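What follows is the content of entry08.cif, which has mmCIF, C-alpha atoms:
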data_start
#
loop_
_atom_site.label_atom_id
_atom_site.label_comp_id
_atom_site.auth_asym_id
_atom_site.auth_seq_id
_atom_site.Cartn_x
_atom_site.Cartn_y
_atom_site.Cartn_z
CA PRO A 1251 4.30 6.75 -23.02
CA TRP A 1252 7.25 6.48 -25.39
CA ASN A 1253 9.89 9.05 -26.16
CA VAL A 1254 10.83 9.59 -29.80
CA SER A 1255 14.61 9.21 -29.45
CA LYS A 1256 15.27 9.17 -33.18
CA LEU A 1257 12.97 9.99 -36.07
CA GLY A 1258 13.78 8.55 -39.49
CA PHE A 1259 13.31 5.51 -41.70
CA GLN A 1260 13.99 3.48 -38.55
CA THR A 1261 12.42 5.46 -35.70
CA ILE A 1262 13.55 4.63 -32.17
CA LEU A 1263 11.06 4.89 -29.30
CA SER A 1264 12.31 4.58 -25.73
CA ASN A 1265 10.99 4.39 -22.18
CA PRO A 1266 13.67 4.98 -19.49
CA GLU A 1267 11.79 3.07 -16.78
CA LEU A 1268 11.65 -0.23 -18.69
CA GLU A 1269 14.49 -2.71 -19.06
CA GLY A 1270 15.02 -3.19 -22.77
CA GLY A 1271 12.69 -0.25 -23.22
CA GLU A 1272 13.66 0.59 -26.78
CA LEU A 1273 11.58 -0.09 -29.89
CA ARG A 1274 12.61 0.26 -33.54
CA ILE A 1275 9.63 1.20 -35.70
CA PRO A 1276 9.83 1.29 -39.52
CA LEU A 1277 8.63 4.56 -41.01
CA ARG A 1278 5.73 2.87 -42.81
CA GLU A 1279 4.31 1.69 -39.44
CA LEU A 1280 4.93 5.04 -37.78
CA MET A 1281 2.86 6.86 -40.41
CA SER A 1282 -0.39 5.46 -38.95
CA MET A 1283 0.46 6.45 -35.36
CA VAL A 1284 -0.72 9.59 -33.57
CA SER A 1285 1.24 11.24 -30.76
CA ARG A 1286 0.29 13.83 -28.17
CA GLN A 1287 2.14 16.41 -26.11
CA ALA A 1288 3.42 14.74 -22.94
CA ASP A 1289 3.10 16.42 -19.57
CA PRO A 1290 6.54 16.97 -17.95
CA HIS A 1291 5.25 15.40 -14.72
CA GLU A 1292 3.68 12.37 -16.36
CA PRO A 1293 5.39 9.16 -15.16
CA TRP A 1294 6.99 6.89 -17.75
CA PHE A 1295 5.52 3.89 -15.93
CA PRO A 1296 3.55 3.48 -12.66
CA THR A 1297 6.49 1.73 -10.99
CA ARG A 1298 10.25 1.50 -11.02
CA LYS A 1299 12.53 -1.43 -10.40
CA HIS A 1300 12.75 -2.19 -6.64
CA ASP A 1301 9.45 -0.41 -5.85
CA TRP A 1302 7.00 -2.18 -3.50
CA VAL A 1303 3.44 -2.46 -4.80
CA ILE A 1304 0.00 -3.80 -3.91
CA LEU A 1305 -2.18 -4.95 -6.78
CA GLN A 1306 -5.96 -4.96 -6.95
CA ASN A 1307 -5.93 -8.76 -6.56
CA GLU A 1308 -4.11 -8.17 -3.22
CA SER A 1309 -0.76 -9.45 -4.53
CA TYR A 1310 2.06 -7.66 -2.71
CA GLY A 1311 5.76 -7.58 -3.48
CA LYS A 1312 8.80 -5.86 -4.95
CA ILE A 1313 9.30 -5.14 -8.64
CA ILE A 1314 12.48 -6.90 -9.75
CA HIS A 1315 12.01 -6.64 -13.53
CA GLN A 1316 9.83 -4.56 -15.81
CA THR A 1317 10.16 -4.68 -19.58
CA PRO A 1318 7.87 -3.63 -22.44
CA ASP A 1319 6.38 -7.14 -22.27
CA GLN A 1320 6.23 -8.19 -18.63
CA VAL A 1321 6.56 -7.21 -14.98
CA VAL A 1322 8.07 -9.64 -12.46
CA LEU A 1323 7.00 -9.33 -8.82
CA LEU A 1324 9.08 -10.82 -5.99
CA LYS A 1325 6.59 -11.85 -3.31
CA LEU A 1326 7.33 -12.35 0.37
CA GLY A 1327 8.78 -15.80 0.88
CA GLY A 1328 10.71 -15.68 -2.40
CA SER A 1329 8.19 -16.74 -5.05
CA LEU A 1330 8.08 -14.85 -8.34
CA LYS A 1331 4.89 -13.73 -10.07
CA THR A 1332 5.08 -12.67 -13.73
CA TYR A 1333 2.44 -10.43 -15.31
CA PRO A 1334 2.10 -9.36 -18.93
CA VAL A 1335 2.33 -5.56 -18.87
CA ILE A 1336 -1.30 -5.05 -19.89
CA ASP A 1337 -2.50 -7.39 -17.10
CA PHE A 1338 -0.27 -5.63 -14.57
CA LEU A 1339 -1.69 -2.21 -15.49
CA GLU A 1340 -5.26 -3.51 -15.36
CA LEU A 1341 -4.63 -4.57 -11.74
CA LEU A 1342 -4.13 -0.87 -10.86
CA PRO A 1343 -0.82 -1.13 -8.97
CA GLU A 1344 -0.60 0.94 -5.79
CA ASN A 1345 3.01 2.08 -5.44
CA LEU A 1346 4.10 2.15 -1.78
CA SER A 1347 7.58 3.50 -2.42
CA HIS A 1348 6.53 7.16 -2.35
CA GLY A 1349 4.76 6.83 1.00
CA PHE A 1350 1.71 4.91 2.12
CA ARG A 1351 -1.09 4.67 4.67
CA VAL A 1352 -2.03 1.65 6.78
CA GLN A 1353 -5.59 1.65 8.07
CA SER A 1354 -6.61 -0.72 10.83
CA SER A 1355 -9.65 -0.99 13.12
CA PHE A 1356 -9.87 -2.14 16.73
CA GLY A 1357 -12.67 -2.44 19.28
CA ILE A 1358 -13.11 -2.37 23.07
CA ASP A 1359 -15.98 -3.32 25.33
CA TYR A 1360 -18.91 -0.99 26.07
CA ARG A 1361 -18.04 -0.98 29.77
CA HIS A 1362 -15.32 1.56 28.91
CA GLN A 1363 -17.81 3.97 27.34
CA PRO A 1364 -17.10 6.90 29.73
CA ASP A 1365 -13.52 7.16 28.38
CA ALA A 1366 -14.28 6.07 24.82
CA THR A 1367 -13.88 9.43 23.08
CA SER A 1368 -11.12 10.86 25.21
CA ARG A 1369 -8.64 8.82 27.26
CA VAL A 1370 -8.88 5.68 25.11
CA ILE A 1371 -8.01 7.59 21.93
CA GLU A 1372 -5.15 9.38 23.68
CA MET A 1373 -3.64 6.17 25.10
CA PHE A 1374 -3.82 4.30 21.81
CA GLY A 1375 -2.23 7.23 19.96
CA GLN A 1376 0.62 7.68 22.42
CA ALA A 1377 1.48 3.97 22.42
CA LEU A 1378 1.39 3.65 18.63
CA ARG A 1379 3.57 6.74 18.06
CA ALA A 1380 6.12 5.68 20.67
CA ALA A 1381 6.37 2.12 19.35
CA PHE A 1382 6.75 3.01 15.67
CA ILE A 1383 9.18 5.88 16.27
CA THR A 1384 11.29 3.52 18.39
CA GLU A 1385 11.24 0.82 15.71
CA PHE A 1386 11.59 2.93 12.55
CA GLY A 1387 12.81 6.39 13.58
CA ASN A 1388 10.92 9.68 13.73
CA GLU A 1389 11.79 10.66 10.13
CA ARG A 1390 10.03 7.60 8.67
CA VAL A 1391 6.81 7.91 10.69
CA ARG A 1392 4.81 10.66 9.00
CA SER A 1393 1.58 10.60 10.98
CA ILE A 1394 -0.32 8.46 13.48
CA LYS A 1395 -4.01 9.21 14.07
CA VAL A 1396 -6.57 7.34 16.15
CA GLU A 1397 -10.24 8.22 15.67
CA PHE A 1398 -13.49 6.92 17.09
CA LEU A 1399 -15.14 4.98 14.28
CA SER A 1400 -18.52 3.75 15.48
CA ALA A 1401 -20.60 2.30 18.27
CA GLY A 1402 -20.77 -1.23 16.92
CA THR A 1403 -23.07 -4.10 17.76
CA SER A 1404 -20.81 -5.50 20.46
CA SER A 1405 -17.92 -3.03 20.69
CA LEU A 1406 -16.79 0.59 20.59
CA ASP A 1407 -14.71 0.70 17.43
CA TYR A 1408 -11.68 2.82 16.51
CA VAL A 1409 -9.72 3.33 13.31
CA VAL A 1410 -5.95 3.80 13.22
CA LEU A 1411 -4.61 5.85 10.28
CA ALA A 1412 -0.84 5.48 10.10
CA ASP A 1413 1.25 7.17 7.38
CA PHE A 1414 4.82 6.06 6.68
CA ASP A 1415 7.75 6.91 4.45
CA GLY A 1416 8.05 4.84 1.27
CA SER A 1417 11.31 3.27 2.47
CA LEU A 1418 9.13 1.07 4.71
CA GLY A 1419 7.20 -0.42 1.80
CA SER A 1420 8.64 -3.86 2.58
CA ARG A 1421 7.15 -3.66 6.10
CA TYR A 1422 3.56 -2.97 5.04
CA ASN A 1423 2.09 -6.28 6.26
CA PHE A 1424 4.22 -6.21 9.40
CA ILE A 1425 2.91 -2.74 10.25
CA LYS A 1426 -0.71 -3.92 9.90
CA ARG A 1427 -0.05 -6.75 12.37
CA ARG A 1428 2.00 -4.53 14.67
CA ILE A 1429 -0.85 -2.03 15.05
CA GLN A 1430 -3.08 -4.81 16.34
CA SER A 1431 -0.49 -6.10 18.80
CA ILE A 1432 0.20 -2.60 20.17
CA CYS A 1433 -3.54 -2.04 20.70
CA VAL A 1434 -3.79 -5.36 22.58
CA ASP A 1435 -0.82 -4.33 24.76
CA VAL A 1436 -2.53 -1.01 25.57
CA CYS A 1437 -5.72 -2.86 26.54
CA ASN A 1438 -3.76 -5.24 28.78
CA ALA A 1439 -1.90 -2.37 30.45
CA ASN A 1440 -5.12 -0.47 31.19
CA GLY A 1441 -7.40 -3.39 32.00
CA TRP A 1442 -9.62 -2.77 28.98
CA VAL A 1443 -11.70 -5.70 27.80
CA ILE A 1444 -11.58 -6.73 24.15
CA PRO A 1445 -15.05 -8.01 23.25
CA PHE A 1446 -15.94 -10.93 21.02
CA THR A 1447 -18.94 -11.24 18.74
CA GLN A 1448 -21.79 -12.85 20.59
CA ILE A 1449 -24.06 -15.29 18.81
CA THR A 1450 -27.52 -16.01 20.17
CA VAL A 1451 -29.02 -19.38 19.29
CA HIS A 1452 -32.81 -19.69 19.39
CA GLN A 1453 -34.01 -23.24 19.87
CA ALA A 1454 -37.22 -24.15 18.09
CA THR A 1455 -40.00 -25.38 20.39
#
Target encoding structure tokens, full file:
Amino acid sequence: PWNVSKLGFQTILSNPELEGGELRIPLRELMSMVSRQADPHEPWFPTRKHDWVILQNESYGKIIHQTPDQVVLLKLGGSLKTYPVIDFLELLPENLSHGFRVQSSFGIDYRHQPDATSRVIEMFGQALRAAFITEFGNERVRSIKVEFLSAGTSSLDYVVLADFDGSLGSRYNFIKRRIQSICVDVCNANGWVIPFTQITVHQAT
């Protein structure tokens, strides 16, 4: 959306979220344009400078520039990725800076079936909450849930649903890895076996 900042022979359209976000439109060009009533809660752009985003192509990084023509993404490691605005919008950016959820799955061996829907869930949940609150602070950890997911082919599978404050957008990938390491630590502490996929080979006779 564009705001009509000045209406006249040289009309000025502006967007406060874009660097250089000001367009001068001659009246003759404006005559063919059609506007609509903007909603007061409608964002001027899906992102702001310094927001952390994930794109549909799985690119992940921080917005360092966004203009009417292009968006520049600073990726982890320091490389820069530049997108024309239309390409950026078509990749459906997910903005992490207002809060986000990390979802991760984990499995244990069937020998622990008697505790699968009770003690195992409780132990995973307690360990994950304690670790993330210690690392990030209680105010930035919104919710940690562990749920039984399915009785898989070779494992009893769980899903971890962890919600965090948007200030941790830069730690998104770290959090995904950290969930896995915490679950491994819980298994080691309780003597729970982590299964591996078994492959059966049939030899032709």
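CA of Tyr1408 in chain A lies 5.3 Å from CA of Phe1356 in chain A.
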Report as a CSV table (one decimal) with C-alpha atoms, keeping the file's coordinate frame the full result of the PyMOL selection byres ((chain A and resi 1266-1277) around 8) when it is applied to this structure.
chain,number,residue,atom,x,y,z
A,1258,GLY,CA,13.8,8.6,-39.5
A,1259,PHE,CA,13.3,5.5,-41.7
A,1260,GLN,CA,14.0,3.5,-38.6
A,1261,THR,CA,12.4,5.5,-35.7
A,1262,ILE,CA,13.6,4.6,-32.2
A,1263,LEU,CA,11.1,4.9,-29.3
A,1264,SER,CA,12.3,4.6,-25.7
A,1265,ASN,CA,11.0,4.4,-22.2
A,1278,ARG,CA,5.7,2.9,-42.8
A,1279,GLU,CA,4.3,1.7,-39.4
A,1280,LEU,CA,4.9,5.0,-37.8
A,1281,MET,CA,2.9,6.9,-40.4
A,1294,TRP,CA,7.0,6.9,-17.8
A,1295,PHE,CA,5.5,3.9,-15.9
A,1297,THR,CA,6.5,1.7,-11.0
A,1298,ARG,CA,10.2,1.5,-11.0
A,1299,LYS,CA,12.5,-1.4,-10.4
A,1315,HIS,CA,12.0,-6.6,-13.5
A,1316,GLN,CA,9.8,-4.6,-15.8
A,1317,THR,CA,10.2,-4.7,-19.6
A,1318,PRO,CA,7.9,-3.6,-22.4
Picked residues, the PyMOL selection byres ((chain A and resi 1403) around 12), as a list in words: Gly1357, Ile1358, Asp1359, Tyr1360, Ser1400, Ala1401, Gly1402, Ser1404, Ser1405, Leu1406, Asp1407, Pro1445, Phe1446, Thr1447, Gln1448 and Ile1449 of chain A
Write a file of the just-selected residues containing C-alpha atoms, as an mmCIF file, in the frame of the given file.
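Writing the result to out-v3.cif gives the following:
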data_model
loop_
_atom_site.group_PDB
_atom_site.id
_atom_site.type_symbol
_atom_site.label_atom_id
_atom_site.label_comp_id
_atom_site.auth_asym_id
_atom_site.auth_seq_id
_atom_site.Cartn_x
_atom_site.Cartn_y
_atom_site.Cartn_z
ATOM 1 C CA GLY A 1357 -12.670 -2.440 19.280
ATOM 2 C CA ILE A 1358 -13.110 -2.370 23.070
ATOM 3 C CA ASP A 1359 -15.980 -3.320 25.330
ATOM 4 C CA TYR A 1360 -18.910 -0.990 26.070
ATOM 5 C CA SER A 1400 -18.520 3.750 15.480
ATOM 6 C CA ALA A 1401 -20.600 2.300 18.270
ATOM 7 C CA GLY A 1402 -20.770 -1.230 16.920
ATOM 8 C CA SER A 1404 -20.810 -5.500 20.460
ATOM 9 C CA SER A 1405 -17.920 -3.030 20.690
ATOM 10 C CA LEU A 1406 -16.790 0.590 20.590
ATOM 11 C CA ASP A 1407 -14.710 0.700 17.430
ATOM 12 C CA PRO A 1445 -15.050 -8.010 23.250
ATOM 13 C CA PHE A 1446 -15.940 -10.930 21.020
ATOM 14 C CA THR A 1447 -18.940 -11.240 18.740
ATOM 15 C CA GLN A 1448 -21.790 -12.850 20.590
ATOM 16 C CA ILE A 1449 -24.060 -15.290 18.810
#
Answer key for the PyMOL selection byres ((chain A and resi 1392-1396) around 10), residues as a count of residues only: 33
10 Å contact set for range 1327-1334 of chain A, all atoms listed in the file, chain neighbours under 4 positions out, as an MDAnalysis selection string: chainID A and resid 1309:1323 1338:1339 1341
Selected residues, C-alpha atoms, written as a compact mmCIF listing (two decimals), in the coordinates of the input, please.
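Once written, again_23.txt looks like this:
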# COMPACT_ATOMS: atom_id res chain seq x y z
CA SER A 1309 -0.76 -9.45 -4.53
CA TYR A 1310 2.06 -7.66 -2.71
CA GLY A 1311 5.76 -7.58 -3.48
CA LYS A 1312 8.80 -5.86 -4.95
CA ILE A 1313 9.30 -5.14 -8.64
CA ILE A 1314 12.48 -6.90 -9.75
CA HIS A 1315 12.01 -6.64 -13.53
CA GLN A 1316 9.83 -4.56 -15.81
CA THR A 1317 10.16 -4.68 -19.58
CA PRO A 1318 7.87 -3.63 -22.44
CA ASP A 1319 6.38 -7.14 -22.27
CA GLN A 1320 6.23 -8.19 -18.63
CA VAL A 1321 6.56 -7.21 -14.98
CA VAL A 1322 8.07 -9.64 -12.46
CA LEU A 1323 7.00 -9.33 -8.82
CA PHE A 1338 -0.27 -5.63 -14.57
CA LEU A 1339 -1.69 -2.21 -15.49
CA LEU A 1341 -4.63 -4.57 -11.74
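Using only C-alpha atoms for every distance, the candidate list A:Ile1444, A:Ala1439, A:Val1284, A:Leu1418 yields A:Leu1418 as the residue closest to Ser1347 in chain A.
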Need the axis-aligned box for range 1295-1313 of chain A with 4 Å each side, so what are the centre and edges in Å to one decimal, as AutoDock Vina command-line options?
--center_x 3.4 --center_y -2.8 --center_z -9.3 --size_x 26.7 --size_y 21.3 --size_z 21.2
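If you look at CA of Leu1326 in chain A and CA of Ile1425 in chain A, they are 14.5 Å away from each other.
You can rank A:Ser1255, A:Asn1345, A:Gln1430, A:Asn1423 by their closest distance to Ala1377 in chain A using all atoms listed in the file, and at the top of that list sits A:Gln1430.
The space separating CA of Trp1442 in chain A from CA of Arg1361 in chain A comes to 8.6 Å.
Minimum distance to Gly1387 in chain A across A:Ser1431, A:Thr1367, A:Ser1417, A:Gln1287 (counting all atoms listed in the file) occurs at A:Ser1417.
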All heavy atoms are what I want for range 1311-1322 of chain A; can you complete it accordingly and write them as an mmCIF file, in the coordinates of the input?
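Dumped to part31.cif:
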data_model
loop_
_atom_site.group_PDB
_atom_site.id
_atom_site.type_symbol
_atom_site.label_atom_id
_atom_site.label_comp_id
_atom_site.auth_asym_id
_atom_site.auth_seq_id
_atom_site.Cartn_x
_atom_site.Cartn_y
_atom_site.Cartn_z
ATOM 1 N N GLY A 1311 4.362 -7.206 -3.322
ATOM 2 C CA GLY A 1311 5.760 -7.580 -3.480
ATOM 3 C C GLY A 1311 6.591 -6.471 -4.077
ATOM 4 O O GLY A 1311 6.140 -5.332 -4.247
ATOM 5 N N LYS A 1312 7.831 -6.828 -4.412
ATOM 6 C CA LYS A 1312 8.800 -5.860 -4.950
ATOM 7 C C LYS A 1312 9.008 -6.120 -6.433
ATOM 8 O O LYS A 1312 9.169 -7.263 -6.869
ATOM 9 C CB LYS A 1312 10.140 -5.992 -4.208
ATOM 10 C CG LYS A 1312 11.191 -4.999 -4.698
ATOM 11 C CD LYS A 1312 12.423 -4.995 -3.804
ATOM 12 C CE LYS A 1312 13.239 -6.249 -3.932
ATOM 13 N NZ LYS A 1312 14.545 -6.140 -3.226
ATOM 14 N N ILE A 1313 9.024 -5.040 -7.220
ATOM 15 C CA ILE A 1313 9.300 -5.140 -8.640
ATOM 16 C C ILE A 1313 10.776 -5.458 -8.840
ATOM 17 O O ILE A 1313 11.641 -4.703 -8.397
ATOM 18 C CB ILE A 1313 8.967 -3.814 -9.367
ATOM 19 C CG1 ILE A 1313 7.503 -3.400 -9.139
ATOM 20 C CG2 ILE A 1313 9.276 -3.935 -10.846
ATOM 21 C CD1 ILE A 1313 6.498 -4.298 -9.760
ATOM 22 N N ILE A 1314 11.070 -6.581 -9.495
ATOM 23 C CA ILE A 1314 12.480 -6.900 -9.750
ATOM 24 C C ILE A 1314 12.818 -6.797 -11.238
ATOM 25 O O ILE A 1314 13.993 -6.690 -11.593
ATOM 26 C CB ILE A 1314 12.875 -8.283 -9.199
ATOM 27 C CG1 ILE A 1314 12.040 -9.384 -9.834
ATOM 28 C CG2 ILE A 1314 12.744 -8.305 -7.685
ATOM 29 C CD1 ILE A 1314 12.571 -10.779 -9.500
ATOM 30 N N HIS A 1315 11.803 -6.858 -12.101
ATOM 31 C CA HIS A 1315 12.010 -6.640 -13.530
ATOM 32 C C HIS A 1315 10.765 -5.996 -14.118
ATOM 33 O O HIS A 1315 9.638 -6.355 -13.749
ATOM 34 C CB HIS A 1315 12.293 -7.952 -14.284
ATOM 35 C CG HIS A 1315 13.568 -8.616 -13.913
ATOM 36 N ND1 HIS A 1315 14.813 -8.070 -14.169
ATOM 37 C CD2 HIS A 1315 13.795 -9.800 -13.291
ATOM 38 C CE1 HIS A 1315 15.746 -8.880 -13.720
ATOM 39 N NE2 HIS A 1315 15.159 -9.938 -13.185
ATOM 40 N N GLN A 1316 10.946 -5.064 -15.032
ATOM 41 C CA GLN A 1316 9.830 -4.560 -15.810
ATOM 42 C C GLN A 1316 10.342 -4.182 -17.203
ATOM 43 O O GLN A 1316 11.254 -3.384 -17.358
ATOM 44 C CB GLN A 1316 9.120 -3.380 -15.126
ATOM 45 C CG GLN A 1316 9.974 -2.198 -14.708
ATOM 46 C CD GLN A 1316 9.147 -1.151 -13.965
ATOM 47 O OE1 GLN A 1316 8.250 -1.460 -13.180
ATOM 48 N NE2 GLN A 1316 9.436 0.108 -14.242
ATOM 49 N N THR A 1317 9.755 -4.842 -18.188
ATOM 50 C CA THR A 1317 10.160 -4.680 -19.580
ATOM 51 C C THR A 1317 8.924 -4.230 -20.372
ATOM 52 O O THR A 1317 7.821 -4.155 -19.822
ATOM 53 C CB THR A 1317 10.686 -6.003 -20.149
ATOM 54 O OG1 THR A 1317 9.588 -6.900 -20.366
ATOM 55 C CG2 THR A 1317 11.702 -6.643 -19.204
ATOM 56 N N PRO A 1318 9.057 -3.961 -21.656
ATOM 57 C CA PRO A 1318 7.870 -3.630 -22.440
ATOM 58 C C PRO A 1318 6.848 -4.765 -22.509
ATOM 59 O O PRO A 1318 5.692 -4.534 -22.876
ATOM 60 C CB PRO A 1318 8.443 -3.330 -23.837
ATOM 61 C CG PRO A 1318 9.835 -2.884 -23.574
ATOM 62 C CD PRO A 1318 10.298 -3.724 -22.429
ATOM 63 N N ASP A 1319 7.265 -5.990 -22.159
ATOM 64 C CA ASP A 1319 6.380 -7.140 -22.270
ATOM 65 C C ASP A 1319 5.849 -7.665 -20.951
ATOM 66 O O ASP A 1319 4.721 -8.159 -20.880
ATOM 67 C CB ASP A 1319 7.098 -8.289 -22.997
ATOM 68 C CG ASP A 1319 7.497 -7.914 -24.407
ATOM 69 O OD1 ASP A 1319 6.644 -7.366 -25.119
ATOM 70 O OD2 ASP A 1319 8.664 -8.151 -24.774
ATOM 71 N N GLN A 1320 6.644 -7.566 -19.884
ATOM 72 C CA GLN A 1320 6.230 -8.190 -18.630
ATOM 73 C C GLN A 1320 6.797 -7.471 -17.414
ATOM 74 O O GLN A 1320 7.786 -6.751 -17.498
ATOM 75 C CB GLN A 1320 6.663 -9.659 -18.606
ATOM 76 C CG GLN A 1320 8.170 -9.857 -18.628
ATOM 77 C CD GLN A 1320 8.571 -11.321 -18.675
ATOM 78 O OE1 GLN A 1320 7.767 -12.188 -19.005
ATOM 79 N NE2 GLN A 1320 9.810 -11.619 -18.330
ATOM 80 N N VAL A 1321 6.109 -7.711 -16.281
ATOM 81 C CA VAL A 1321 6.560 -7.210 -14.980
ATOM 82 C C VAL A 1321 6.690 -8.418 -14.061
ATOM 83 O O VAL A 1321 5.773 -9.249 -13.977
ATOM 84 C CB VAL A 1321 5.556 -6.203 -14.386
ATOM 85 C CG1 VAL A 1321 5.992 -5.784 -12.979
ATOM 86 C CG2 VAL A 1321 5.426 -4.985 -15.279
ATOM 87 N N VAL A 1322 7.820 -8.526 -13.369
ATOM 88 C CA VAL A 1322 8.070 -9.640 -12.460
ATOM 89 C C VAL A 1322 8.053 -9.120 -11.028
ATOM 90 O O VAL A 1322 8.784 -8.190 -10.685
ATOM 91 C CB VAL A 1322 9.407 -10.336 -12.757
ATOM 92 C CG1 VAL A 1322 9.617 -11.509 -11.802
ATOM 93 C CG2 VAL A 1322 9.456 -10.807 -14.210
#
